[in-house]
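A.B. asks: Structure: upload_1.cif, mmCIF, C-alpha atoms.
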```
data_structure
loop_
_atom_site.label_atom_id
_atom_site.label_comp_id
_atom_site.auth_asym_id
_atom_site.auth_seq_id
_atom_site.Cartn_x
_atom_site.Cartn_y
_atom_site.Cartn_z
CA MET O 1 65.72 -28.01 67.72
CA SER O 2 67.49 -27.01 64.55
CA SER O 3 66.72 -23.77 62.71
CA ILE O 4 65.86 -23.65 59.03
CA ALA O 5 68.02 -21.38 56.92
CA LEU O 6 66.14 -19.35 54.34
CA PRO O 7 67.53 -18.93 50.85
CA THR O 8 69.44 -15.72 50.31
CA SER O 9 67.19 -14.75 47.41
CA ASP O 10 64.09 -14.90 49.67
CA VAL O 11 65.72 -12.91 52.44
CA ASN O 12 66.75 -10.11 50.13
CA ALA O 13 63.54 -10.22 48.02
CA ASP O 14 62.17 -7.00 49.43
CA SER O 15 65.37 -5.12 48.69
CA SER O 16 65.31 -6.26 45.01
CA ARG O 17 61.70 -5.10 44.31
CA PRO O 18 61.31 -1.85 42.35
CA THR O 19 60.17 1.04 44.53
CA ARG O 20 57.24 3.36 43.58
CA THR O 21 59.25 6.51 43.06
CA PRO O 22 57.58 9.94 42.70
CA THR O 23 58.28 9.86 38.98
CA PHE O 24 56.53 6.49 38.68
CA GLU O 25 53.56 7.74 40.69
CA LYS O 26 53.29 10.78 38.44
CA ARG O 27 53.32 8.66 35.26
CA LEU O 28 50.73 6.31 36.74
CA ALA O 29 48.45 9.20 37.70
CA ARG O 30 48.82 10.64 34.20
CA ARG O 31 47.81 7.29 32.67
CA TYR O 32 44.73 7.09 34.85
CA ARG O 33 43.87 10.68 34.04
CA ASP O 34 44.24 10.08 30.29
CA GLU O 35 42.06 6.98 30.50
CA ARG O 36 39.41 8.87 32.45
CA ASN O 37 39.47 11.77 29.99
CA PHE O 38 39.21 9.39 27.05
CA ARG O 39 36.17 7.70 28.58
CA LEU O 40 34.57 11.10 29.22
CA LEU O 41 35.24 12.14 25.63
CA GLY O 42 33.65 8.93 24.35
CA LEU O 43 30.65 9.45 26.61
CA ALA O 44 30.35 13.05 25.43
CA ALA O 45 30.48 11.93 21.77
CA VAL O 46 27.74 9.36 22.38
CA GLY O 47 25.65 11.92 24.25
CA PHE O 48 26.05 14.46 21.45
CA SER O 49 25.03 11.87 18.84
CA VAL O 50 21.97 10.90 20.87
CA ALA O 51 21.03 14.57 21.37
CA VAL O 52 21.25 15.25 17.63
CA LEU O 53 19.18 12.15 16.87
CA VAL O 54 16.54 13.12 19.45
CA PHE O 55 16.41 16.66 18.05
CA LEU O 56 16.03 15.35 14.50
CA LEU O 57 13.31 12.84 15.40
CA GLY O 58 11.54 15.36 17.63
CA ASN O 59 11.54 17.98 14.88
CA MET O 60 10.21 15.46 12.37
CA LEU O 61 7.49 14.33 14.76
CA MET O 62 6.40 17.87 15.62
CA ASN O 63 6.12 18.82 11.95
CA GLY O 64 4.94 15.42 10.77
CA ILE O 65 1.99 14.95 13.11
CA GLY O 66 0.23 17.79 11.32
CA GLY O 67 0.92 16.03 8.05
CA PHE O 68 -1.26 13.13 9.13
CA GLN O 69 -4.17 15.54 9.61
CA ARG O 70 -6.21 17.64 7.21
CA ALA O 71 -8.89 20.32 7.36
CA GLU O 72 -12.36 18.85 6.89
CA ILE O 73 -15.86 20.35 6.65
CA ALA O 74 -18.86 18.57 8.13
CA VAL O 75 -21.73 18.21 5.62
CA THR O 76 -24.96 16.29 6.21
CA ILE O 77 -26.37 14.41 3.20
CA ASP O 78 -29.94 13.07 3.05
CA PHE O 79 -29.60 10.27 0.52
CA PRO O 80 -33.30 9.30 0.25
CA GLU O 81 -34.08 12.93 -0.51
CA SER O 82 -31.14 13.42 -2.86
CA GLY O 83 -32.19 10.75 -5.33
CA ILE O 84 -28.83 8.91 -5.20
CA THR O 85 -29.48 5.17 -5.38
CA GLY O 86 -27.46 1.99 -5.15
CA ASP O 87 -27.11 -1.32 -3.40
CA ALA O 88 -24.33 -3.24 -1.71
CA VAL O 89 -23.19 -4.79 -4.99
CA SER O 90 -23.12 -1.61 -7.08
CA LEU O 91 -21.59 0.58 -4.35
CA THR O 92 -18.68 -1.81 -3.77
CA ALA O 93 -17.99 -2.49 -7.45
CA PRO O 94 -14.75 -1.13 -9.00
CA SER O 95 -16.81 1.29 -11.13
CA ALA O 96 -18.88 2.57 -8.18
CA THR O 97 -17.20 5.99 -8.11
CA GLN O 98 -17.91 6.59 -11.80
CA ALA O 99 -21.52 5.43 -11.38
CA LEU O 100 -22.08 7.83 -8.45
CA GLU O 101 -20.53 10.66 -10.45
CA MET O 102 -22.93 9.98 -13.30
CA GLN O 103 -25.84 10.13 -10.84
CA GLY O 104 -24.73 13.63 -9.88
CA LEU O 105 -23.08 13.02 -6.50
CA PRO O 106 -20.73 16.06 -6.85
CA ASP O 107 -23.75 18.35 -7.44
CA VAL O 108 -25.61 16.80 -4.50
CA VAL O 109 -22.65 17.47 -2.20
CA ALA O 110 -22.36 21.06 -3.44
CA PHE O 111 -26.11 21.62 -2.93
CA TYR O 112 -26.19 20.41 0.67
CA ALA O 113 -22.95 22.24 1.50
CA GLU O 114 -24.35 25.55 0.21
CA GLN O 115 -27.66 24.97 1.99
CA GLN O 116 -26.03 24.25 5.35
CA LEU O 117 -22.90 26.41 5.29
CA GLY O 118 -23.59 29.21 2.86
CA PRO O 119 -22.19 29.88 -0.61
CA ASP O 120 -18.82 31.16 0.66
CA ALA O 121 -18.13 28.07 2.73
CA ALA O 122 -19.47 25.73 0.03
CA ALA O 123 -17.01 27.27 -2.42
CA GLU O 124 -14.14 26.29 -0.09
CA LEU O 125 -15.06 22.61 -0.22
CA SER O 126 -12.46 20.57 -2.13
CA SER O 127 -13.49 19.78 -5.69
CA GLU O 128 -12.55 16.15 -4.97
CA GLY O 129 -14.37 16.01 -1.65
CA TRP O 130 -17.23 14.00 -3.09
CA ARG O 131 -14.80 11.13 -3.68
CA ASP O 132 -14.44 10.79 0.10
CA LEU O 133 -18.21 10.35 0.20
CA ALA O 134 -18.01 7.64 -2.46
CA THR O 135 -15.32 5.87 -0.43
CA ALA O 136 -17.52 6.01 2.67
CA LEU O 137 -20.44 4.50 0.73
CA ALA O 138 -18.23 1.68 -0.50
CA ALA O 139 -17.18 0.96 3.09
CA ASP O 140 -20.78 1.06 4.40
CA PRO O 141 -23.45 0.72 1.66
CA THR O 142 -26.25 1.10 4.22
CA LEU O 143 -25.51 4.83 4.37
CA ILE O 144 -27.41 5.21 1.08
CA GLU O 145 -30.64 4.51 2.97
CA ARG O 146 -30.47 7.33 5.54
CA LYS O 147 -29.24 10.78 6.42
CA ALA O 148 -25.62 10.96 7.55
CA THR O 149 -22.92 13.53 8.29
CA PHE O 150 -19.58 13.29 6.50
CA GLU O 151 -16.24 15.00 7.06
CA LEU O 152 -15.17 16.14 3.59
CA ALA O 153 -11.85 17.68 2.58
CA ALA O 154 -11.67 21.46 2.59
CA SER O 155 -9.79 23.48 0.00
CA SER O 156 -6.09 24.25 0.37
CA ALA O 157 -6.93 27.94 0.92
CA LEU O 158 -9.24 27.15 3.84
CA ALA O 159 -6.69 24.75 5.32
CA ALA O 160 -4.05 27.51 5.11
CA ALA O 161 -6.48 29.96 6.73
CA MET O 162 -6.71 27.64 9.74
CA ARG O 163 -2.93 28.09 10.15
CA GLY O 164 -3.31 31.87 10.02
CA GLU O 165 -2.28 32.24 6.37
CA GLY O 166 -4.08 33.55 3.30
CA SER O 167 -6.54 36.39 2.78
CA PRO O 168 -8.36 37.97 5.76
CA SER O 169 -11.75 37.02 4.34
CA VAL O 170 -10.89 33.33 4.16
CA GLN O 171 -9.36 33.49 7.65
CA ALA O 172 -12.58 35.03 8.96
CA LEU O 173 -14.57 32.28 7.25
CA ALA O 174 -12.35 29.64 8.87
CA VAL O 175 -12.85 31.20 12.31
CA ARG O 176 -16.64 31.21 11.82
CA LEU O 177 -16.78 27.59 10.68
CA VAL O 178 -14.54 26.46 13.54
CA SER O 179 -16.73 28.27 16.08
CA GLU O 180 -19.81 26.59 14.58
CA GLY O 181 -18.15 23.17 14.82
CA LYS O 182 -18.27 22.71 11.05
CA LEU O 183 -14.51 22.89 10.38
CA ALA O 184 -11.77 20.93 12.14
CA ARG O 185 -8.43 19.28 11.56
CA ASN O 186 -9.03 15.52 11.76
CA TRP O 187 -6.75 12.52 11.54
CA ASP O 188 -6.41 11.64 7.88
CA TRP O 189 -6.14 7.88 7.48
CA GLY O 190 -6.52 8.40 3.74
CA PHE O 191 -2.99 9.80 3.68
CA LEU O 192 -1.78 6.20 3.97
CA THR O 193 -4.11 4.89 1.23
CA ARG O 194 -4.14 7.63 -1.43
CA SER O 195 -1.54 8.46 -4.07
CA ASP O 196 0.00 11.70 -5.28
CA ALA O 197 -2.20 14.69 -6.13
CA THR O 198 -1.89 18.39 -6.91
CA SER O 199 -3.49 19.52 -3.63
CA PRO O 200 -1.96 18.86 -0.19
CA GLN O 201 -5.47 18.10 1.05
CA ALA O 202 -5.79 15.18 -1.37
CA VAL O 203 -2.28 13.71 -1.48
CA GLY O 204 -1.40 10.31 -0.12
CA ILE O 205 1.68 8.18 0.35
CA TRP O 206 0.46 4.74 -0.69
CA GLY O 207 1.53 5.00 -4.33
CA ALA O 208 5.12 5.92 -3.39
CA LEU O 209 5.18 3.39 -0.54
CA LYS O 210 4.07 0.56 -2.81
CA GLY O 211 6.62 1.61 -5.43
CA THR O 212 9.31 1.57 -2.72
CA MET O 213 8.32 -1.94 -1.63
CA LEU O 214 8.43 -3.28 -5.18
CA THR O 215 11.75 -1.58 -5.94
CA MET O 216 13.39 -2.82 -2.73
CA LEU O 217 12.10 -6.34 -3.38
CA VAL O 218 13.72 -6.39 -6.82
CA THR O 219 16.93 -4.98 -5.33
CA LEU O 220 17.06 -7.64 -2.60
CA VAL O 221 16.21 -10.55 -4.91
CA LEU O 222 19.00 -9.58 -7.32
CA ALA O 223 21.72 -8.19 -5.05
CA PHE O 224 21.68 -10.65 -2.15
CA PRO O 225 22.12 -14.03 -3.91
CA ILE O 226 24.53 -12.66 -6.51
CA GLY O 227 26.56 -10.86 -3.83
CA VAL O 228 26.70 -13.92 -1.56
CA LEU O 229 27.69 -16.28 -4.37
CA SER O 230 30.33 -13.83 -5.60
CA ALA O 231 31.81 -13.59 -2.10
CA LEU O 232 31.89 -17.39 -1.80
CA TYR O 233 33.60 -17.83 -5.15
CA LEU O 234 36.22 -15.14 -4.56
CA GLU O 235 37.06 -16.41 -1.08
CA GLU O 236 36.79 -20.17 -1.50
CA TYR O 237 37.32 -21.07 -5.16
CA ALA O 238 38.95 -18.24 -7.14
CA PRO O 239 42.64 -18.80 -8.01
CA ARG O 240 45.08 -16.23 -6.64
CA ASN O 241 46.32 -14.38 -9.71
CA ARG O 242 46.35 -10.87 -11.07
CA TRP O 243 42.90 -11.22 -12.62
CA THR O 244 41.40 -12.07 -9.25
CA ASP O 245 43.28 -9.15 -7.72
CA LEU O 246 41.87 -6.89 -10.44
CA ILE O 247 38.33 -8.08 -9.70
CA GLU O 248 38.77 -7.50 -5.96
CA VAL O 249 40.10 -3.98 -6.51
CA SER O 250 37.25 -3.23 -8.89
CA ILE O 251 34.64 -4.38 -6.37
CA SER O 252 36.21 -2.25 -3.64
CA ASN O 253 36.19 0.78 -5.96
CA LEU O 254 32.56 0.15 -6.98
CA ALA O 255 31.50 0.35 -3.33
CA ALA O 256 32.75 3.96 -3.25
CA VAL O 257 31.44 5.11 -6.64
CA PRO O 258 28.86 7.97 -6.44
CA SER O 259 25.34 6.66 -6.81
CA ILE O 260 24.53 8.82 -9.80
CA ILE O 261 27.08 6.83 -11.83
CA PHE O 262 24.93 3.75 -11.34
CA GLY O 263 21.97 5.80 -12.55
CA LEU O 264 23.86 6.57 -15.74
CA LEU O 265 24.66 2.87 -16.08
CA GLY O 266 20.99 1.97 -15.67
CA LEU O 267 20.01 4.62 -18.20
CA ALA O 268 22.56 3.40 -20.74
CA ILE O 269 21.95 -0.35 -20.35
CA PHE O 270 18.61 -1.24 -18.79
CA LEU O 271 16.51 1.44 -20.49
CA ALA O 272 18.26 0.70 -23.77
CA ILE O 273 17.20 -2.95 -23.46
CA PHE O 274 13.74 -2.21 -22.01
CA PRO O 275 12.75 1.22 -23.38
CA ASN O 276 9.07 0.73 -22.47
CA LEU O 277 9.80 0.20 -18.77
CA ARG O 278 10.83 3.73 -17.91
CA SER O 279 9.87 4.63 -14.30
CA ALA O 280 9.16 0.95 -13.53
CA PRO O 281 10.18 -0.61 -10.19
CA LEU O 282 11.91 -3.38 -12.13
CA ILE O 283 14.38 -0.94 -13.71
CA GLY O 284 14.79 0.95 -10.44
CA GLY O 285 15.49 -2.27 -8.52
CA MET O 286 18.03 -3.46 -11.09
CA THR O 287 19.84 -0.12 -10.92
CA LEU O 288 19.93 -0.10 -7.11
CA ALA O 289 21.05 -3.75 -7.11
CA LEU O 290 24.19 -2.75 -9.00
CA MET O 291 24.92 -0.20 -6.29
CA THR O 292 24.20 -2.60 -3.41
CA MET O 293 26.08 -5.69 -4.63
CA PRO O 294 29.66 -4.44 -3.92
CA VAL O 295 28.77 -3.77 -0.27
CA ILE O 296 27.32 -7.26 0.12
CA VAL O 297 30.34 -8.86 -1.57
CA ILE O 298 32.84 -7.06 0.65
CA SER O 299 30.95 -7.78 3.88
CA GLY O 300 30.38 -11.38 2.75
CA ARG O 301 34.08 -11.99 2.16
CA ASN O 302 34.96 -10.56 5.57
CA ALA O 303 32.33 -12.79 7.19
CA ILE O 304 33.74 -15.86 5.43
CA LYS O 305 37.27 -14.98 6.56
CA ALA O 306 36.02 -14.78 10.14
CA VAL O 307 34.96 -18.45 10.13
CA PRO O 308 37.70 -20.40 12.01
CA PRO O 309 39.77 -22.76 9.84
CA SER O 310 39.10 -25.52 12.37
CA ILE O 311 35.50 -25.64 11.13
CA ARG O 312 36.68 -26.48 7.63
CA ASP O 313 39.28 -28.95 8.87
CA GLY O 314 36.78 -30.72 11.12
CA ALA O 315 34.20 -31.02 8.34
CA LEU O 316 36.79 -32.40 5.92
CA ALA O 317 38.02 -34.81 8.59
CA ILE O 318 34.61 -36.46 8.94
CA GLY O 319 34.29 -36.94 5.17
CA ALA O 320 32.46 -33.84 3.94
CA SER O 321 33.18 -32.76 0.37
CA PRO O 322 34.54 -29.25 -0.31
CA VAL O 323 31.12 -28.12 -1.55
CA GLN O 324 29.46 -29.50 1.59
CA VAL O 325 32.03 -27.72 3.74
CA VAL O 326 31.20 -24.40 2.08
CA PHE O 327 27.42 -24.65 1.98
CA HIS O 328 26.76 -26.71 5.13
CA HIS O 329 29.32 -25.21 7.49
CA VAL O 330 31.01 -22.02 6.26
CA LEU O 331 27.98 -20.29 4.74
CA PRO O 332 25.63 -20.73 7.75
CA LEU O 333 28.31 -19.39 10.09
CA ALA O 334 29.07 -16.44 7.80
CA MET O 335 25.42 -15.60 7.15
CA PRO O 336 25.01 -13.15 10.10
CA GLY O 337 27.90 -11.04 8.80
CA MET O 338 26.49 -11.17 5.28
CA LEU O 339 23.12 -10.00 6.55
CA THR O 340 24.84 -7.10 8.29
CA GLY O 341 26.28 -5.98 4.96
CA THR O 342 22.88 -6.46 3.37
CA ILE O 343 21.31 -4.17 5.98
CA ILE O 344 23.85 -1.45 5.21
CA GLY O 345 23.45 -1.80 1.45
CA MET O 346 19.64 -1.88 1.49
CA ALA O 347 19.47 1.10 3.85
CA ARG O 348 21.65 3.06 1.44
CA ALA O 349 19.52 2.00 -1.52
CA LEU O 350 16.30 2.97 0.27
CA GLY O 351 17.42 6.57 0.65
CA GLU O 352 18.77 7.08 -2.88
CA THR O 353 17.21 9.51 -5.34
CA ALA O 354 20.01 10.36 -7.79
CA PRO O 355 20.04 7.03 -9.69
CA LEU O 356 16.24 6.99 -9.88
CA LEU O 357 16.12 10.52 -11.30
CA LEU O 358 17.95 9.34 -14.39
CA ILE O 359 15.67 6.38 -15.07
CA GLY O 360 12.47 8.44 -14.88
CA MET O 361 11.09 7.64 -11.40
CA ARG O 362 10.55 11.36 -10.83
CA ALA O 363 7.21 11.15 -12.62
CA PHE O 364 3.87 12.29 -11.19
CA VAL O 365 2.06 9.01 -10.49
CA ALA O 366 -1.57 9.46 -9.44
CA THR O 367 -2.35 5.73 -9.10
CA PRO O 368 -0.45 2.99 -7.24
CA PRO O 369 1.64 0.69 -9.46
CA ASP O 370 -0.05 -2.58 -10.43
CA GLY O 371 3.20 -4.53 -10.65
CA PHE O 372 6.93 -4.44 -11.29
CA THR O 373 6.52 -2.98 -14.78
CA SER O 374 4.00 -0.21 -13.99
CA PRO O 375 5.06 3.45 -13.70
CA ALA O 376 5.94 4.25 -10.09
CA THR O 377 7.90 6.49 -7.79
CA VAL O 378 9.54 5.88 -4.42
CA LEU O 379 9.33 7.55 -1.02
CA PRO O 380 12.60 9.56 -1.19
CA MET O 381 11.61 10.86 -4.61
CA GLN O 382 8.09 11.72 -3.38
CA ILE O 383 9.59 13.63 -0.46
CA PHE O 384 11.87 15.50 -2.85
CA LEU O 385 8.97 16.45 -5.12
CA TRP O 386 6.75 17.64 -2.26
CA SER O 387 9.56 19.68 -0.70
CA ASP O 388 9.80 21.65 -3.95
CA GLU O 389 6.09 22.61 -3.99
CA ILE O 390 5.03 26.23 -3.45
CA ASP O 391 1.97 25.42 -1.33
CA ARG O 392 3.00 25.42 2.34
CA GLY O 393 0.53 22.63 3.00
CA PHE O 394 3.07 20.26 1.44
CA VAL O 395 5.59 21.06 4.20
CA GLU O 396 3.62 19.07 6.76
CA ARG O 397 2.94 16.32 4.24
CA THR O 398 6.69 16.12 3.54
CA SER O 399 7.48 15.64 7.23
CA ALA O 400 4.77 12.98 7.48
CA ALA O 401 6.25 11.18 4.47
CA ILE O 402 9.68 11.26 6.16
CA ILE O 403 8.16 9.59 9.22
CA VAL O 404 6.67 6.88 6.98
CA LEU O 405 10.09 6.40 5.34
CA LEU O 406 11.79 6.06 8.73
CA VAL O 407 9.19 3.55 9.90
CA PHE O 408 9.66 1.53 6.71
CA LEU O 409 13.44 1.64 7.17
CA LEU O 410 13.16 0.47 10.79
CA ALA O 411 10.81 -2.35 9.79
CA MET O 412 13.12 -3.50 6.99
CA ASN O 413 16.21 -3.36 9.21
CA GLY O 414 14.36 -5.01 12.09
CA LEU O 415 13.48 -7.97 9.89
CA ALA O 416 17.08 -8.28 8.70
CA ILE O 417 18.41 -8.08 12.28
CA TYR O 418 15.94 -10.77 13.36
CA LEU O 419 17.13 -13.06 10.57
CA ARG O 420 20.76 -12.31 11.41
CA ASN O 421 20.26 -13.23 15.07
CA LYS O 422 18.32 -16.33 14.08
CA PHE O 423 21.13 -17.64 11.89
CA GLU O 424 23.88 -16.61 14.31
CA LYS O 425 25.83 -19.52 15.79
CA ARG O 426 28.42 -19.45 18.54
CA TRP O 427 31.44 -21.70 18.88
#
```
Please re-express this file's structure in C-alpha cells.
C.D. replies:
Amino acid sequence: MSSIALPTSDVNADSSRPTRTPTFEKRLARRYRDERNFRLLGLAAVGFSVAVLVFLLGNMLMNGIGGFQRAEIAVTIDFPESGITGDAVSLTAPSATQALEMQGLPDVVAFYAEQQLGPDAAAELSSEGWRDLATALAADPTLIERKATFELAASSALAAAMRGEGSPSVQALAVRLVSEGKLARNWDWGFLTRSDATSPQAVGIWGALKGTMLTMLVTLVLAFPIGVLSALYLEEYAPRNRWTDLIEVSISNLAAVPSIIFGLLGLAIFLAIFPNLRSAPLIGGMTLALMTMPVIVISGRNAIKAVPPSIRDGALAIGASPVQVVFHHVLPLAMPGMLTGTIIGMARALGETAPLLLIGMRAFVATPPDGFTSPATVLPMQIFLWSDEIDRGFVERTSAAIIVLLVFLLAMNGLAIYLRNKFEKRW
C-alpha cells in the first residue's frame, strides 16, 4: 500500500501562519475597548437627548394642563322669571348674542349672581361671562324654558386668588366660594374655540390656530411644487455651465440665510404689491414659502441623485421618452426624499416669528380669519405675545398654546411621514 506524499506548502502551513504576539493581543484589546467606549458614548448621548426631551415635554405638560382650565363661578338662572325670551331659530341665529344683550342678559346674570353669591362675589364675575351663557343657549335652546345652573368665567383677580396671589380680601373670598362649592377650576373647552382677548380667563387659541393652518397651506402650495420642479430641472435638464453653478450656489446660500431677511424681502416686495393685505395669511405664506423652497430644492436634488442610473437606462431601453423617464420613474422614486426635505422646511416655517413680525402678523386679532386675505396671527406669534403679558394668568395659557403648537406640528409631520412611506419604493 503506497503512501501519499503531502505538498511541502501544506506540511509547513502552520509554521507560516502569523502568531498572536502580546503586542497584537494588546492592539486587539485596545480596538475592542475603543469600540465599546464609542458605543457607550453614543448610548449616553441618546440617553441625554431623551432625558432633555422628557424634561421639556414634562415641564410643558405640568404648566400647560392648568392653561386648559379656568376659574368659574356657578350661577343659577331662572329664565321664565327673568323675562329673557327666544326660540330655537332666534337663539341659534348669527345675531343671537346681540339680541340677548339687547334683552338685558348681562344685567340678568349680574342680578342672579348678586342674589346668590353676594355683591363682593358678583363683582368678581367676568364682564364677558354672560357670553358663555349665550353660547350655552345657542347649543341648547331648551334652556330658555327652565331654571339652570351655569359655570361662568370668574375675573382674573379671583382666578389669581385661587393660586394664592392678589389681595388678602380677594383670597378670602375665593376660599369662601370654594368651600361653598360655587368656585372651581374646570376644563375650559372654549380655549380651543375662542380667539385672543385682554383677559387670560377669556382668551382662546382658535384664531391663531386657524391663521397657522391658512399660512402653512399657502406655504405648502407654493413651496412644494416650485421646489420639486426646480430640483428636477437643475438635476435633469439644466446645462452644466457657470450660470447653473451660480444658481446652485445661490440656492445653497439661501438655505442658510437668517429668516428675518426673508421678512424684509416680504415687506419690500409682497406688501408693496399688496398693501391692503398686511397681516394676511396669504402674505405670511408667501414669505415663508421663500424661506422653505431652498431646503426642498436641495433635498429634492439629493433624492434625485440617489435614484440608480439603471432605472433611467431600463426605462429608455423599453421606449420611454426622457420626460416619461423623469415623471414616471425618477420622480416617484425620489418623492420620499423630497417629502423628507418638505417636513424639515415646513417644521422650520411653523416655528418662525421673525419674518411674520415684519409683515404685521403681530396684530391683536379678536376674531378668527375668514380667509386667506383676512387679518390673522399664528401660534408662535400668539405665544410670543402672551409670554410678554404682565398678568401671570397668561403663563399657563402660554404653556397650553405651546402644547397645541406641538400637537399641530406632530400632526403635520405625521401626515407627511405617512405620505413619504406610501410613496416609498424599494428596488
A.B. asks: For the structure provided, state which residues fall under the PyMOL selection byres ((chain O and resi 128-144) around 10), and present them as a PyMOL selection string.
C.D. replies: chain O and resi 72-73+77-80+82-94+96-101+105-110+125-127+145-155+190+199+201-202
A.B. asks: May I ask which of the residues O:Gly351, O:Glu248, O:Met286, O:Ala197 is the closest one to Phe274 in chain O, counting only C-alpha atoms?
C.D. replies: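 Among the listed residues, O:Met286 lies closest to Phe274 in chain O.
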A.B. asks: Can you pull out the residues contacting Leu277 in chain O? Cut-off 8 Å, using all atoms listed in the file, and skip same-chain residues under 6 positions away; I want them as a VMD selection string.
C.D. replies: chain O and resid 271 283 373 to 375
A.B. asks: Which residue out of O:Ala121, O:Ala208, O:Leu419, O:Val75 has the minimum interatomic distance to Trp386 in chain O when all atoms listed in the file are used?
C.D. replies: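 For Trp386 in chain O, the nearest of the candidates is O:Ala208.
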A.B. asks: Please expand the PyMOL selection byres ((chain O and resi 409) around 12) into the concrete residues it hits in this file, giving the result as a PyMOL selection string.
C.D. replies: chain O and resi 209+212-213+216+343-344+346-351+379-380+402-408+410-416
A.B. asks: Those same residues - C-alpha atoms - I'd like them written as a compact mmCIF listing (two decimals), in the frame of the given file.
C.D. replies:
```txt
# COMPACT_ATOMS: atom_id res chain seq x y z
CA LEU O 209 5.18 3.39 -0.54
CA THR O 212 9.31 1.57 -2.72
CA MET O 213 8.32 -1.94 -1.63
CA MET O 216 13.39 -2.82 -2.73
CA ILE O 343 21.31 -4.17 5.98
CA ILE O 344 23.85 -1.45 5.21
CA MET O 346 19.64 -1.88 1.49
CA ALA O 347 19.47 1.10 3.85
CA ARG O 348 21.65 3.06 1.44
CA ALA O 349 19.52 2.00 -1.52
CA LEU O 350 16.30 2.97 0.27
CA GLY O 351 17.42 6.57 0.65
CA LEU O 379 9.33 7.55 -1.02
CA PRO O 380 12.60 9.56 -1.19
CA ILE O 402 9.68 11.26 6.16
CA ILE O 403 8.16 9.59 9.22
CA VAL O 404 6.67 6.88 6.98
CA LEU O 405 10.09 6.40 5.34
CA LEU O 406 11.79 6.06 8.73
CA VAL O 407 9.19 3.55 9.90
CA PHE O 408 9.66 1.53 6.71
CA LEU O 410 13.16 0.47 10.79
CA ALA O 411 10.81 -2.35 9.79
CA MET O 412 13.12 -3.50 6.99
CA ASN O 413 16.21 -3.36 9.21
CA GLY O 414 14.36 -5.01 12.09
CA LEU O 415 13.48 -7.97 9.89
CA ALA O 416 17.08 -8.28 8.70
```
A.B. asks: Any idea what the distance is between CA of Ala255 in chain O and CA of Pro281 in chain O?
C.D. replies: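 Between CA of Ala255 in chain O and CA of Pro281 in chain O the gap works out to 22.4 Å.
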A.B. asks: Which distance in Å separates CA of Val395 in chain O and CA of Pro200 in chain O, to one decimal?
C.D. replies: 9.0 Å
A.B. asks: Give me the residues within 12 Å of Arg163 in chain O as a PDB file with C-alpha atoms, in the coordinates of the input, counting all atoms listed in the file and dropping any in the same chain fewer than 5 places off.
C.D. replies:
```
ATOM      1  CA  GLY O  66       0.230  17.790  11.320  1.00  0.00           C
ATOM      2  CA  ARG O  70      -6.210  17.640   7.210  1.00  0.00           C
ATOM      3  CA  ALA O  71      -8.890  20.320   7.360  1.00  0.00           C
ATOM      4  CA  SER O 156      -6.090  24.250   0.370  1.00  0.00           C
ATOM      5  CA  ALA O 157      -6.930  27.940   0.920  1.00  0.00           C
ATOM      6  CA  LEU O 158      -9.240  27.150   3.840  1.00  0.00           C
ATOM      7  CA  VAL O 170     -10.890  33.330   4.160  1.00  0.00           C
ATOM      8  CA  GLN O 171      -9.360  33.490   7.650  1.00  0.00           C
ATOM      9  CA  ALA O 172     -12.580  35.030   8.960  1.00  0.00           C
ATOM     10  CA  ALA O 174     -12.350  29.640   8.870  1.00  0.00           C
ATOM     11  CA  VAL O 175     -12.850  31.200  12.310  1.00  0.00           C
ATOM     12  CA  ALA O 184     -11.770  20.930  12.140  1.00  0.00           C
ATOM     13  CA  ARG O 185      -8.430  19.280  11.560  1.00  0.00           C
ATOM     14  CA  ARG O 392       3.000  25.420   2.340  1.00  0.00           C
ATOM     15  CA  GLY O 393       0.530  22.630   3.000  1.00  0.00           C
ATOM     16  CA  GLU O 396       3.620  19.070   6.760  1.00  0.00           C
TER      17      GLU O 396
END
```
A.B. asks: Step by step, work through what the PyMOL selection byres ((chain O and resi 231) around 12) selects in the shown file, and finish by giving those residues as an MDAnalysis selection string.
C.D. replies: chainID O and resid 223:230 232:238 247:248 251 293:305 326 330:331 334:335 337:338 341
A.B. asks: Using all atoms listed in the file, pick whichever of O:Ile261, O:Ile383, O:Val46, O:Leu358 has the shortest atom-to-atom distance to Ser279 in chain O.
C.D. replies: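 Counting all atoms listed in the file, the residue closest to Ser279 in chain O is O:Leu358.
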A.B. asks: Counting all atoms listed in the file, which of O:Gly64, O:Gly266, O:Pro369, O:Gly166 gets nearest to Leu214 in chain O?
C.D. replies: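 Checking each candidate against Leu214 in chain O, we get O:Pro369 as the closest.
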A.B. asks: Pick out the closest residue to Leu264 in chain O from this set: O:Leu192, O:Leu356, O:Val218, O:Val307. Count only C-alpha atoms.
C.D. replies: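 Result for the nearest residue to Leu264 in chain O: O:Leu356.
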